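Reading through the structure tokens given below for one structure.
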Amino acid sequence: MKTDSVVEKVLKSGQLVVTSECGPPRGANPDKVREKAEMLRGYVDGVNVTDNQTAMVRMSSLSACIIIKQMGMDPILQMVCRDRNRLAMQSEVLGAYAHGINTMLCLSGDHIHFGDHPMATNVYDLDSVQAIQMVKKMRDEGKFQGGADIDTPPKMFIGAAANPFADPFELRVARLAKKVKAGVDFIQTQCIYNMEKFETWMKGVCERGLHKQVAILPGITPMKTVGMAKYMKNRVPGMDVPDEIVKRMGGVPKEQQAEEGMKIAVEQIQRLREVEGVAGFHIMAIEWEQKVPELVERAGLLPRPKF
Amino acid sequence: MITAERKPMEEILECINPYNRILLVGCNECVTVCAAGGRKEVGLLSTALQMAFMKEGRTLEVKEITLERQCDPEYVEELITYIDQVEAVLSMACGCGVQEIARRYATKPVFPAVNTKFMGASERQGVWSERCRGCGDCLLGLTGGICPIARCSKRLMNGPCGGSTKGKCEISPDVDCAWNLIWERLKALGLEKKYEEIMVAKDWRPSWHGGPRRIIREDMAE
Amino acid sequence: MGNFEPVIVAFCCHYCAYTAADMAGSMRLSYPSNVKIVRVPCTGKVDTKHILQAFHKGADGVYVAGCLEGDCHFKNGNIKAARRVARVKKLLSEIGIEEERVEMITMSAGMGERFAQTATDITEKIRNLGPNPVKNIRDGQKQPA
Ligand code: SF4
Ligand code: SF4
């Protein structure tokens with residue numbers, strides 16, 4: 001074992017990992033974090049805490065992680081390259097580890113253009129691949145990116161994101177391979193709706209043997225309404241929502257759309273757990289966290305292992 | 001070339017409002033090519049400013065001059081003949097030219113009439129786009145001749161990110177994804193393997209993060 | 001303002017508008033004497049600077065009259081001219097002068113009537129706008145109260 005991360009332990013035990021996420025509030029109220037996290041207790045192995053997601057200012061990922069850690073749960077620290085240079089990133093990793101946070105995600109981050117401070121400067125001292133290299137070096141070599149020794153190195157289980165649907169498609173496996181080479185331990189993907197395309201990508205991943213070196217957790221997002229399906233299809237860059245999904249959501253009366261969305265998600269999990277290389281699921285129920293327990297249960301992912 | 005765009009008239013007028021006699025200085029290099037501050041634009045701005053003053057019942061005397069290169073002390077020296085006859089200087093050169101005038105004529109106020117934008121190339125008639133950010137340690141040899149620092153919105157050295165869509169960047173369908181261009185070019189060169197190499201964290205010291213930069217050529221410097 | 005007689009400069013292309021003006025003359029169609037015609041070999045030769053200079057020197061209105069779209073003898077001089085007129089419009093409005101004072105017009109050599117009508121319309125429009133605010137200062141006159 002490289003770390004004390006629960007995600008790593010579940011993977012080692014050969015079981016499917018389940019993670020979910022919690023977006024910190026746009027304010028300083030810690031109870032908002034507690035409420036969201038509490039809903040997930042006992043249903044997931046780790047809770048991603050987003051880092052100024054969509055480039056909107058929110059409570060810092062680290063502080064929300066600490067709140068969740070204090071609740072006796074297992075937060076996953078998300079860290080984007082957009083807002084911090086390598087000094088700030090490393091000090092944050094040290095701070096997180098000092099608080100018992102041992103799992104994190106290295107991301108480039110949504111461009112500032114999308115958020116509520118489009119007038120701010122982008123940092124991008126590193127990109128996500130380089131951030132992975134840095135955290136790995138801190139853990140395995142006990143050295144800062146700049147080369148100096150770390151007294152008590154942070155033992156982080158390192159995650160990253162992958163979008164199998166972005167263009168150019170032919171590069172998507174190669175880019176994952178770069179992250180693997182950089183030392184990533186697990187991958188959470190973009191929400192999957194196009195099963196065939198995901199499976200094609202996964203085949204490419206397995207052909208290169210990458211699935212043996214990294215745990216892949218496909219992203220699952222239950223749709224609430226047909227409007228949401230359309231929005232994701234047309235508006236979110238790098239998202240692939242096939243017409244059948246939109247049709248299926250639109251094919252039922254409004255009051256039943258939420259249930260239809262849940263059904264689709266359950267079917268997706270059941271199909272994907274059979275795919276070679278799938279090591280678990282990352283469930284992102286955007287502003288619908290209360291549905292995660294039900295989805296985990298209906299998909300047959302309970303009980304979660306205890307360590 | 002260095003590209004620039006004229007500032008809004010309102011801002012220029014506010015700068016020169018206290019004066020009645022100004023020197024309007026263009027530059028014959030980059031800003032001429034990108035039609036922002038060459039002889040022609042100097043003439044046009046001069047007329048427009050005079051008209052704006054006349055409208056307010058004032059007169060503005062404008063001495064127009066377009067230097068060969070405003071970032072070169074040798075040419076900026078030519079202004080010596082006129083400098084005492086004016087109250088202020090309005091420069092249509094890039095920021096380098098404006099500063100060269102400020103350095104040479106210590107007691108004369110100088111204002112920029114253009115916004116200096118970027119180092120770029122001409123895409124087609126009337127369209128220029130960014131190409132280089134002067135990072136001081138050129139990577140183009142590794143990226144098939146396409147710069148990820150200047151042309152990837154996130155400056156990724158191991159792109160493309162998850163937002164790349166149909167060859168365009170996630171920030172806008174009008175912006176090419178630099179990493180898509182890099183990949184296409186590597187393919188055309190038969191260098192797909194190059195993509196697999198991780199580009200390690202960049203040393204930004206040779207760039208603007210290392211403080212103001214300077215080049216000294218021992219064989220030339222006096 | 002009732003007796004205000006605007007000065008209007010018309011840059012007319014030799015191949016169309018200028019000939020149309022001639023035709024208007026031979027057809028004995030009258031048009032206001034306010035319009036001063038400047039013959040140009042092609043409206044593509046009319047620079048932004050010339051148009052602006054006309055205003056600077058006191059014109060109340062300026063128009064550029066070129067060939068119909070697709071008929072330019074030099075391929076696209078009229079299109080270029082239209083773009084320059086648009087640029088002058090922007091520049092004028094930036095310094096607080098009505099952009100309607102400058103227009104791009106197209107016609108063919110045979111349109112004597114159109115020439116006369118345009119000249120009349122534009123003169124009328126400029127008359128309603130009043131004098132070029134720059135000219136009054138230049139001539140040392142006071143704006144009519
Ligand atoms: S790598 Fe650096 S020097 Fe080379 S084009 Fe890009 S910014 Fe300019
Ligand atoms: S879409 Fe392409 S250009 Fe835009 S940020 Fe991502 S990798 Fe860079």
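The way I read the labels, and the way they are meant: chains A, B, ... in the order of the structure tokens, residue 1 as the first residue of every chain, and ligand 1 as the first ligand shown, with later ones counted on from there.
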Produce as a ChimeraX atom specification the set of residues near ligand 2, where near means within 9 Å with only C-alpha atoms and all ligand atoms considered. /A:108,110-111,166-167,237 /B:148,151-165,167-172,175-181
Mind checking DSSP for chain B and telling me the helix (DSSP H, G or I) residues as a VMD selection string? chain B and resid 9 to 16 30 to 33 39 to 55 73 to 83 95 to 104 148 to 151 178 to 188 192 to 196 208 to 210
Would you list, as a list in words, the residues of range 10-43 of chain B that end up in strand (DSSP E or B) under DSSP run on this structure's backbone? Arg21, Ile22, Leu23, Leu24, Val25, Gly26 and Cys27 of chain B
Do you have, as CSV, the list of residues of chain B lying at most 6 Å from ligand 1, each with its nearest atom pair and that distance in Å to one decimal, counting only C-alpha atoms and all ligand atoms and ordered by chain then number?
```
residue,atom,partner,partner_atom_place_in_ligand_line,distance
B:Cys132,CA,ligand 1,8 (Fe),3.7
B:Arg133,CA,ligand 1,7 (S),3.8
B:Gly134,CA,ligand 1,8 (Fe),4.3
B:Cys135,CA,ligand 1,2 (Fe),3.9
B:Gly136,CA,ligand 1,3 (S),5.3
B:Asp137,CA,ligand 1,3 (S),5.5
B:Cys138,CA,ligand 1,4 (Fe),3.5
B:Leu139,CA,ligand 1,1 (S),4.1
B:Leu140,CA,ligand 1,4 (Fe),5.3
B:Cys147,CA,ligand 1,6 (Fe),4.3
B:Ile149,CA,ligand 1,6 (Fe),5.1
B:Ala150,CA,ligand 1,7 (S),5.5
```
Restrict the selected residues to N, CA, C and O atoms and save them as a compact mmCIF listing (two decimals), in the first residue's frame.
```txt
# COMPACT_ATOMS: atom_id res chain seq x y z
N CYS B 132 3.08 33.94 -30.09
CA CYS B 132 4.22 33.72 -29.20
C CYS B 132 4.09 34.62 -27.98
O CYS B 132 3.61 35.73 -28.09
N ARG B 133 4.49 34.10 -26.82
CA ARG B 133 4.41 34.93 -25.63
C ARG B 133 5.81 35.22 -25.06
O ARG B 133 5.94 35.61 -23.92
N GLY B 134 6.81 34.95 -25.86
CA GLY B 134 8.17 35.28 -25.44
C GLY B 134 8.57 34.61 -24.14
O GLY B 134 9.05 35.25 -23.22
N CYS B 135 8.38 33.29 -24.05
CA CYS B 135 8.64 32.60 -22.79
C CYS B 135 10.13 32.41 -22.53
O CYS B 135 10.52 31.96 -21.47
N GLY B 136 10.96 32.75 -23.51
CA GLY B 136 12.39 32.73 -23.26
C GLY B 136 13.05 31.37 -23.37
O GLY B 136 14.26 31.25 -23.17
N ASP B 137 12.27 30.34 -23.64
CA ASP B 137 12.84 29.00 -23.77
C ASP B 137 11.93 28.24 -24.73
O ASP B 137 11.04 27.51 -24.31
N CYS B 138 12.14 28.46 -26.00
CA CYS B 138 11.16 28.05 -27.01
C CYS B 138 10.98 26.53 -27.10
O CYS B 138 11.93 25.77 -27.18
N LEU B 139 9.73 26.13 -27.08
CA LEU B 139 9.36 24.72 -27.10
C LEU B 139 8.91 24.24 -28.48
O LEU B 139 8.53 23.08 -28.63
N LEU B 140 8.91 25.14 -29.44
CA LEU B 140 8.28 24.80 -30.71
C LEU B 140 8.83 23.54 -31.36
O LEU B 140 8.12 22.84 -32.08
N CYS B 147 2.66 26.83 -30.76
CA CYS B 147 3.01 27.17 -29.38
C CYS B 147 1.86 26.93 -28.40
O CYS B 147 0.83 27.57 -28.51
N ILE B 149 2.02 27.69 -25.25
CA ILE B 149 2.02 28.75 -24.23
C ILE B 149 1.12 29.90 -24.70
O ILE B 149 0.32 30.43 -23.94
N ALA B 150 1.27 30.27 -25.94
CA ALA B 150 0.52 31.40 -26.45
C ALA B 150 -0.85 30.99 -26.98
O ALA B 150 -1.77 31.79 -27.00
```
Compile a residue-level contact table for chain C against chain B at a cut-off of 8 Å, reporting for every qualifying residue the shortest atom pair and its distance in Å to one decimal, with only C-alpha atoms counted, rows ordered by chain and ascending number, as CSV.
```
residue,atom,partner,partner_atom,distance
C:Thr48,CA,B:Leu44,CA,7.6
C:Lys49,CA,B:Leu44,CA,5.6
C:Leu52,CA,B:Thr47,CA,7.1
C:Gln53,CA,B:Thr47,CA,6.9
C:His56,CA,B:Met51,CA,6.1
C:Leu91,CA,B:Ala48,CA,7.5
C:Leu92,CA,B:Ala48,CA,7.8
C:Glu94,CA,B:Met9,CA,6.0
C:Ile95,CA,B:Ala52,CA,5.5
C:Gly96,CA,B:Ala52,CA,7.6
C:Pro133,CA,B:Lys55,CA,5.7
C:Val134,CA,B:Lys55,CA,4.9
C:Ile137,CA,B:Gly57,CA,5.8
C:Arg138,CA,B:Met54,CA,6.9
```
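Between chain A and the residues B:Leu186, B:Ile215, B:Ala221, B:Ile16, the shortest atom-to-atom distance, using only C-alpha atoms, involves B:Leu186.
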List every residue of chain A that has an atom at most 10 Å from any atom of chain B, giving for each one its closest atom pair and the distance in Å to one decimal, counting only C-alpha atoms, sorted by chain and then by ascending residue number, as JSON lines.
```
{"residue": "A:Cys81", "atom": "CA", "partner": "B:Lys154", "partner_atom": "CA", "distance": 9.1}
{"residue": "A:Arg82", "atom": "CA", "partner": "B:Lys154", "partner_atom": "CA", "distance": 7.8}
{"residue": "A:Arg86", "atom": "CA", "partner": "B:Ala201", "partner_atom": "CA", "distance": 9.5}
{"residue": "A:Leu107", "atom": "CA", "partner": "B:Cys161", "partner_atom": "CA", "distance": 9.6}
{"residue": "A:Ser108", "atom": "CA", "partner": "B:Cys161", "partner_atom": "CA", "distance": 7.6}
{"residue": "A:Gly109", "atom": "CA", "partner": "B:Lys154", "partner_atom": "CA", "distance": 8.8}
{"residue": "A:Asp110", "atom": "CA", "partner": "B:Gly163", "partner_atom": "CA", "distance": 8.4}
{"residue": "A:His111", "atom": "CA", "partner": "B:Lys154", "partner_atom": "CA", "distance": 6.9}
{"residue": "A:Ile112", "atom": "CA", "partner": "B:Ile171", "partner_atom": "CA", "distance": 9.0}
{"residue": "A:His113", "atom": "CA", "partner": "B:Ile171", "partner_atom": "CA", "distance": 6.6}
{"residue": "A:Phe114", "atom": "CA", "partner": "B:Ile171", "partner_atom": "CA", "distance": 7.6}
{"residue": "A:Asn122", "atom": "CA", "partner": "B:Lys154", "partner_atom": "CA", "distance": 7.5}
{"residue": "A:Val123", "atom": "CA", "partner": "B:Lys154", "partner_atom": "CA", "distance": 8.4}
{"residue": "A:Tyr124", "atom": "CA", "partner": "B:Lys154", "partner_atom": "CA", "distance": 6.4}
{"residue": "A:Asp125", "atom": "CA", "partner": "B:Lys202", "partner_atom": "CA", "distance": 7.7}
{"residue": "A:Leu126", "atom": "CA", "partner": "B:Ala201", "partner_atom": "CA", "distance": 5.9}
{"residue": "A:Asp127", "atom": "CA", "partner": "B:Leu156", "partner_atom": "CA", "distance": 5.4}
{"residue": "A:Ser128", "atom": "CA", "partner": "B:Asn158", "partner_atom": "CA", "distance": 8.0}
{"residue": "A:Val129", "atom": "CA", "partner": "B:Asn158", "partner_atom": "CA", "distance": 6.6}
{"residue": "A:Gln130", "atom": "CA", "partner": "B:Ala201", "partner_atom": "CA", "distance": 5.7}
{"residue": "A:Ala131", "atom": "CA", "partner": "B:Ala201", "partner_atom": "CA", "distance": 8.3}
{"residue": "A:Gln133", "atom": "CA", "partner": "B:Val200", "partner_atom": "CA", "distance": 8.4}
{"residue": "A:Met134", "atom": "CA", "partner": "B:Ala201", "partner_atom": "CA", "distance": 8.7}
{"residue": "A:Gln145", "atom": "CA", "partner": "B:Ala201", "partner_atom": "CA", "distance": 8.9}
{"residue": "A:Ala161", "atom": "CA", "partner": "B:Gly162", "partner_atom": "CA", "distance": 8.6}
{"residue": "A:Ala162", "atom": "CA", "partner": "B:Gly162", "partner_atom": "CA", "distance": 6.9}
{"residue": "A:Asn163", "atom": "CA", "partner": "B:Gly162", "partner_atom": "CA", "distance": 5.2}
{"residue": "A:Pro164", "atom": "CA", "partner": "B:Gly162", "partner_atom": "CA", "distance": 8.1}
{"residue": "A:Phe165", "atom": "CA", "partner": "B:Gly162", "partner_atom": "CA", "distance": 7.8}
{"residue": "A:Ala166", "atom": "CA", "partner": "B:Gly162", "partner_atom": "CA", "distance": 5.3}
{"residue": "A:Asp167", "atom": "CA", "partner": "B:Thr165", "partner_atom": "CA", "distance": 5.2}
{"residue": "A:Pro168", "atom": "CA", "partner": "B:Asn180", "partner_atom": "CA", "distance": 6.7}
{"residue": "A:Phe169", "atom": "CA", "partner": "B:Lys166", "partner_atom": "CA", "distance": 9.7}
{"residue": "A:Glu170", "atom": "CA", "partner": "B:Trp183", "partner_atom": "CA", "distance": 9.9}
{"residue": "A:Leu171", "atom": "CA", "partner": "B:Trp183", "partner_atom": "CA", "distance": 8.3}
{"residue": "A:Arg172", "atom": "CA", "partner": "B:Pro160", "partner_atom": "CA", "distance": 8.8}
{"residue": "A:Ala174", "atom": "CA", "partner": "B:Glu196", "partner_atom": "CA", "distance": 6.7}
{"residue": "A:Arg175", "atom": "CA", "partner": "B:Gly159", "partner_atom": "CA", "distance": 7.6}
{"residue": "A:Leu176", "atom": "CA", "partner": "B:Glu196", "partner_atom": "CA", "distance": 10.0}
{"residue": "A:Ala177", "atom": "CA", "partner": "B:Glu196", "partner_atom": "CA", "distance": 7.7}
{"residue": "A:Lys178", "atom": "CA", "partner": "B:Glu196", "partner_atom": "CA", "distance": 6.4}
{"residue": "A:Lys179", "atom": "CA", "partner": "B:Ile198", "partner_atom": "CA", "distance": 8.7}
{"residue": "A:Lys181", "atom": "CA", "partner": "B:Ile198", "partner_atom": "CA", "distance": 8.1}
{"residue": "A:Ala182", "atom": "CA", "partner": "B:Ile198", "partner_atom": "CA", "distance": 7.7}
{"residue": "A:Thr189", "atom": "CA", "partner": "B:Gly162", "partner_atom": "CA", "distance": 9.9}
{"residue": "A:Gln190", "atom": "CA", "partner": "B:Gly162", "partner_atom": "CA", "distance": 8.4}
{"residue": "A:Val236", "atom": "CA", "partner": "B:Gly163", "partner_atom": "CA", "distance": 8.7}
{"residue": "A:Pro237", "atom": "CA", "partner": "B:Gly163", "partner_atom": "CA", "distance": 5.2}
{"residue": "A:Gly238", "atom": "CA", "partner": "B:Gly163", "partner_atom": "CA", "distance": 4.8}
{"residue": "A:Met239", "atom": "CA", "partner": "B:Gly163", "partner_atom": "CA", "distance": 8.4}
```
Work out how far CA of Val33 in chain A is from CA of Glu289 in chain A, in Å to one decimal. 11.6 Å
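With only C-alpha atoms as the atoms that count, the minimum distance from Cys42 in chain C to the choices C:Ala21, C:Met27, C:Val88, C:Cys16 is reached by C:Cys16.
The interatomic distance for the pair CA of Lys254 in chain A and CA of Val226 in chain A works out to 8.3 Å.
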Skipping near chain neighbours, those fewer than 5 positions away, what residues fall within 9 Å of range 33-36 of chain C using only C-alpha atoms, listed as a list in words? Glu5, Pro6, Val7, Ile8, Val9, Ala10, Phe11, Ala119, Thr120 and Thr123 of chain C
Kindly export the residues of the current selection with N, CA, C and O atoms, as a PDB file, in the first residue's frame.
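What landed in again05.pdb:
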```
ATOM      1  N   GLU C   5     -27.453  76.758 -45.554  1.00  0.00           N
ATOM      2  CA  GLU C   5     -27.192  76.031 -46.797  1.00  0.00           C
ATOM      3  C   GLU C   5     -26.001  75.107 -46.597  1.00  0.00           C
ATOM      4  O   GLU C   5     -24.861  75.568 -46.523  1.00  0.00           O
ATOM      5  N   PRO C   6     -26.259  73.826 -46.498  1.00  0.00           N
ATOM      6  CA  PRO C   6     -25.155  72.912 -46.229  1.00  0.00           C
ATOM      7  C   PRO C   6     -24.191  72.778 -47.407  1.00  0.00           C
ATOM      8  O   PRO C   6     -24.586  72.948 -48.554  1.00  0.00           O
ATOM      9  N   VAL C   7     -22.940  72.487 -47.062  1.00  0.00           N
ATOM     10  CA  VAL C   7     -21.949  72.163 -48.087  1.00  0.00           C
ATOM     11  C   VAL C   7     -21.775  70.657 -48.089  1.00  0.00           C
ATOM     12  O   VAL C   7     -21.514  70.054 -47.047  1.00  0.00           O
ATOM     13  N   ILE C   8     -21.975  70.080 -49.255  1.00  0.00           N
ATOM     14  CA  ILE C   8     -21.898  68.627 -49.330  1.00  0.00           C
ATOM     15  C   ILE C   8     -20.878  68.204 -50.369  1.00  0.00           C
ATOM     16  O   ILE C   8     -20.873  68.717 -51.489  1.00  0.00           O
ATOM     17  N   VAL C   9     -19.988  67.323 -49.970  1.00  0.00           N
ATOM     18  CA  VAL C   9     -18.971  66.837 -50.895  1.00  0.00           C
ATOM     19  C   VAL C   9     -19.351  65.437 -51.340  1.00  0.00           C
ATOM     20  O   VAL C   9     -19.620  64.576 -50.503  1.00  0.00           O
ATOM     21  N   ALA C  10     -19.399  65.250 -52.655  1.00  0.00           N
ATOM     22  CA  ALA C  10     -19.725  63.920 -53.172  1.00  0.00           C
ATOM     23  C   ALA C  10     -18.530  63.388 -53.959  1.00  0.00           C
ATOM     24  O   ALA C  10     -18.132  63.965 -54.966  1.00  0.00           O
ATOM     25  N   PHE C  11     -17.930  62.299 -53.432  1.00  0.00           N
ATOM     26  CA  PHE C  11     -16.844  61.650 -54.175  1.00  0.00           C
ATOM     27  C   PHE C  11     -17.500  60.706 -55.173  1.00  0.00           C
ATOM     28  O   PHE C  11     -18.119  59.713 -54.776  1.00  0.00           O
ATOM     29  N   ALA C 119     -28.932  63.346 -54.469  1.00  0.00           N
ATOM     30  CA  ALA C 119     -28.357  64.638 -54.115  1.00  0.00           C
ATOM     31  C   ALA C 119     -29.376  65.470 -53.339  1.00  0.00           C
ATOM     32  O   ALA C 119     -29.045  66.102 -52.331  1.00  0.00           O
ATOM     33  N   THR C 120     -30.623  65.427 -53.797  1.00  0.00           N
ATOM     34  CA  THR C 120     -31.672  66.195 -53.129  1.00  0.00           C
ATOM     35  C   THR C 120     -31.933  65.649 -51.726  1.00  0.00           C
ATOM     36  O   THR C 120     -31.998  66.398 -50.747  1.00  0.00           O
ATOM     37  N   THR C 123     -29.011  66.342 -49.319  1.00  0.00           N
ATOM     38  CA  THR C 123     -28.961  67.759 -48.953  1.00  0.00           C
ATOM     39  C   THR C 123     -30.031  68.057 -47.905  1.00  0.00           C
ATOM     40  O   THR C 123     -29.785  68.753 -46.911  1.00  0.00           O
TER      41      THR C 123
END
```
If we count only C-alpha atoms and set the cut-off at 12 Å, which residues sit around Glu255 in chain A, ignoring sequence neighbours fewer than 6 positions away in its own chain? Please answer as a JSON list (two decimals) with N, CA, C and O atoms, in the first residue's frame.
```
[["chain", "number", "residue", "atom", "x", "y", "z"],
["A", 224, "LYS", "N", -32.03, 14.70, -14.11],
["A", 224, "LYS", "CA", -33.23, 15.05, -13.36],
["A", 224, "LYS", "C", -34.41, 15.27, -14.29],
["A", 224, "LYS", "O", -35.54, 14.90, -13.99],
["A", 225, "THR", "N", -34.12, 15.92, -15.42],
["A", 225, "THR", "CA", -35.20, 16.30, -16.35],
["A", 225, "THR", "C", -34.68, 16.19, -17.78],
["A", 225, "THR", "O", -33.47, 16.12, -18.00],
["A", 226, "VAL", "N", -35.59, 16.25, -18.73],
["A", 226, "VAL", "CA", -35.16, 16.24, -20.12],
["A", 226, "VAL", "C", -34.43, 17.54, -20.45],
["A", 226, "VAL", "O", -33.52, 17.57, -21.28],
["A", 249, "MET", "N", -35.69, 10.40, -21.95],
["A", 249, "MET", "CA", -36.09, 11.31, -20.87],
["A", 249, "MET", "C", -37.34, 12.09, -21.26],
["A", 249, "MET", "O", -38.23, 12.32, -20.44],
["A", 261, "GLY", "N", -34.51, 9.06, -15.09],
["A", 261, "GLY", "CA", -33.08, 9.38, -14.99],
["A", 261, "GLY", "C", -32.37, 8.40, -14.07],
["A", 261, "GLY", "O", -31.25, 7.95, -14.38]]
```
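CA of Tyr97 in chain A sits 29.3 Å away from CA of His209 in chain B.
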Show which residues sit within 8 Å of Pro131 in chain C, as a list of chain:residue names. Count only C-alpha atoms, and ignore same-chain residues fewer than 4 positions away. C:Phe4, C:Pro6, C:Asp60, C:Ile126, C:Arg127, C:Lys135, C:Asn136
Could you dump the residues just selected with C-alpha atoms as a short mmCIF file (atom, residue, chain, number, x, y, z; two decimals), in the first residue's frame?
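As a result, selection02.cif now contains:
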```
data_model
loop_
_atom_site.label_atom_id
_atom_site.label_comp_id
_atom_site.auth_asym_id
_atom_site.auth_seq_id
_atom_site.Cartn_x
_atom_site.Cartn_y
_atom_site.Cartn_z
CA PHE C 4 -28.65 77.27 -43.52
CA PRO C 6 -25.16 72.91 -46.23
CA ASP C 60 -21.50 69.44 -43.53
CA ILE C 126 -28.02 67.36 -43.81
CA ARG C 127 -30.04 70.56 -43.76
CA LYS C 135 -17.27 74.23 -39.19
CA ASN C 136 -18.94 76.81 -36.98
#
```
Please provide as a list of chain:residue names all residues within 7 Å of Pro218 in chain A, with the sequence filter that same-chain residues fewer than 4 positions apart are discarded (counting only C-alpha atoms). A:Gln188, A:Thr189, A:Ile192, A:Phe281, A:His282
Could you save those same residues with N, CA, C and O atoms as a PDB file, in the first residue's frame?
```pdb
ATOM      1  N   GLN A 188     -11.090   9.356 -12.441  1.00  0.00           N
ATOM      2  CA  GLN A 188     -12.544   9.528 -12.488  1.00  0.00           C
ATOM      3  C   GLN A 188     -12.847  10.153 -13.842  1.00  0.00           C
ATOM      4  O   GLN A 188     -12.191  11.109 -14.236  1.00  0.00           O
ATOM      5  N   THR A 189     -13.813   9.607 -14.553  1.00  0.00           N
ATOM      6  CA  THR A 189     -14.060  10.142 -15.897  1.00  0.00           C
ATOM      7  C   THR A 189     -15.200  11.152 -15.890  1.00  0.00           C
ATOM      8  O   THR A 189     -15.970  11.256 -14.939  1.00  0.00           O
ATOM      9  N   ILE A 192     -20.606   9.604 -18.166  1.00  0.00           N
ATOM     10  CA  ILE A 192     -20.735   8.717 -19.318  1.00  0.00           C
ATOM     11  C   ILE A 192     -22.211   8.550 -19.688  1.00  0.00           C
ATOM     12  O   ILE A 192     -23.023   8.150 -18.852  1.00  0.00           O
ATOM     13  N   PHE A 281     -17.091   3.349  -9.504  1.00  0.00           N
ATOM     14  CA  PHE A 281     -17.893   4.429 -10.084  1.00  0.00           C
ATOM     15  C   PHE A 281     -17.718   5.727  -9.327  1.00  0.00           C
ATOM     16  O   PHE A 281     -17.523   5.737  -8.113  1.00  0.00           O
ATOM     17  N   HIS A 282     -17.803   6.800 -10.098  1.00  0.00           N
ATOM     18  CA  HIS A 282     -17.796   8.127  -9.486  1.00  0.00           C
ATOM     19  C   HIS A 282     -19.154   8.746  -9.783  1.00  0.00           C
ATOM     20  O   HIS A 282     -19.485   9.014 -10.945  1.00  0.00           O
TER      21      HIS A 282
END
```
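With distances restricted to only C-alpha atoms, C:Tyr63 is the closest residue to Val38 in chain C from C:Lys57, C:Asn128, C:Tyr63, C:Arg114.
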Can you pull out the residues contacting Gly95 in chain A? Cut-off 10 Å, using only C-alpha atoms, and skip same-chain residues under 5 positions away; I want them as a PDB file with N, CA, C and O atoms, in the first residue's frame.
```pdb
ATOM      1  N   LEU A  62      -9.871  22.618   0.424  1.00  0.00           N
ATOM      2  CA  LEU A  62      -9.173  22.103   1.607  1.00  0.00           C
ATOM      3  C   LEU A  62     -10.012  22.297   2.871  1.00  0.00           C
ATOM      4  O   LEU A  62     -10.165  21.361   3.663  1.00  0.00           O
ATOM      5  N   ILE A  66     -11.514  19.404   5.333  1.00  0.00           N
ATOM      6  CA  ILE A  66     -11.233  19.280   6.776  1.00  0.00           C
ATOM      7  C   ILE A  66     -12.537  19.084   7.549  1.00  0.00           C
ATOM      8  O   ILE A  66     -12.634  18.232   8.436  1.00  0.00           O
ATOM      9  N   MET A  89       0.318  25.020  -4.393  1.00  0.00           N
ATOM     10  CA  MET A  89      -0.205  23.661  -4.506  1.00  0.00           C
ATOM     11  C   MET A  89       0.480  22.731  -3.509  1.00  0.00           C
ATOM     12  O   MET A  89      -0.162  21.943  -2.815  1.00  0.00           O
ATOM     13  N   GLN A  90       1.789  22.837  -3.432  1.00  0.00           N
ATOM     14  CA  GLN A  90       2.507  21.931  -2.528  1.00  0.00           C
ATOM     15  C   GLN A  90       2.193  22.232  -1.069  1.00  0.00           C
ATOM     16  O   GLN A  90       2.030  21.313  -0.258  1.00  0.00           O
ATOM     17  N   GLY A 100      -4.984  14.736   7.826  1.00  0.00           N
ATOM     18  CA  GLY A 100      -5.427  13.360   7.607  1.00  0.00           C
ATOM     19  C   GLY A 100      -6.081  13.127   6.260  1.00  0.00           C
ATOM     20  O   GLY A 100      -6.705  12.090   6.034  1.00  0.00           O
ATOM     21  N   ILE A 101      -5.950  14.073   5.373  1.00  0.00           N
ATOM     22  CA  ILE A 101      -6.537  13.892   4.037  1.00  0.00           C
ATOM     23  C   ILE A 101      -5.481  13.221   3.162  1.00  0.00           C
ATOM     24  O   ILE A 101      -4.374  13.736   3.000  1.00  0.00           O
ATOM     25  N   PRO A 154       3.995  13.891   2.425  1.00  0.00           N
ATOM     26  CA  PRO A 154       2.562  13.579   2.399  1.00  0.00           C
ATOM     27  C   PRO A 154       2.314  12.343   1.539  1.00  0.00           C
ATOM     28  O   PRO A 154       2.752  12.292   0.393  1.00  0.00           O
TER      29      PRO A 154
END
```
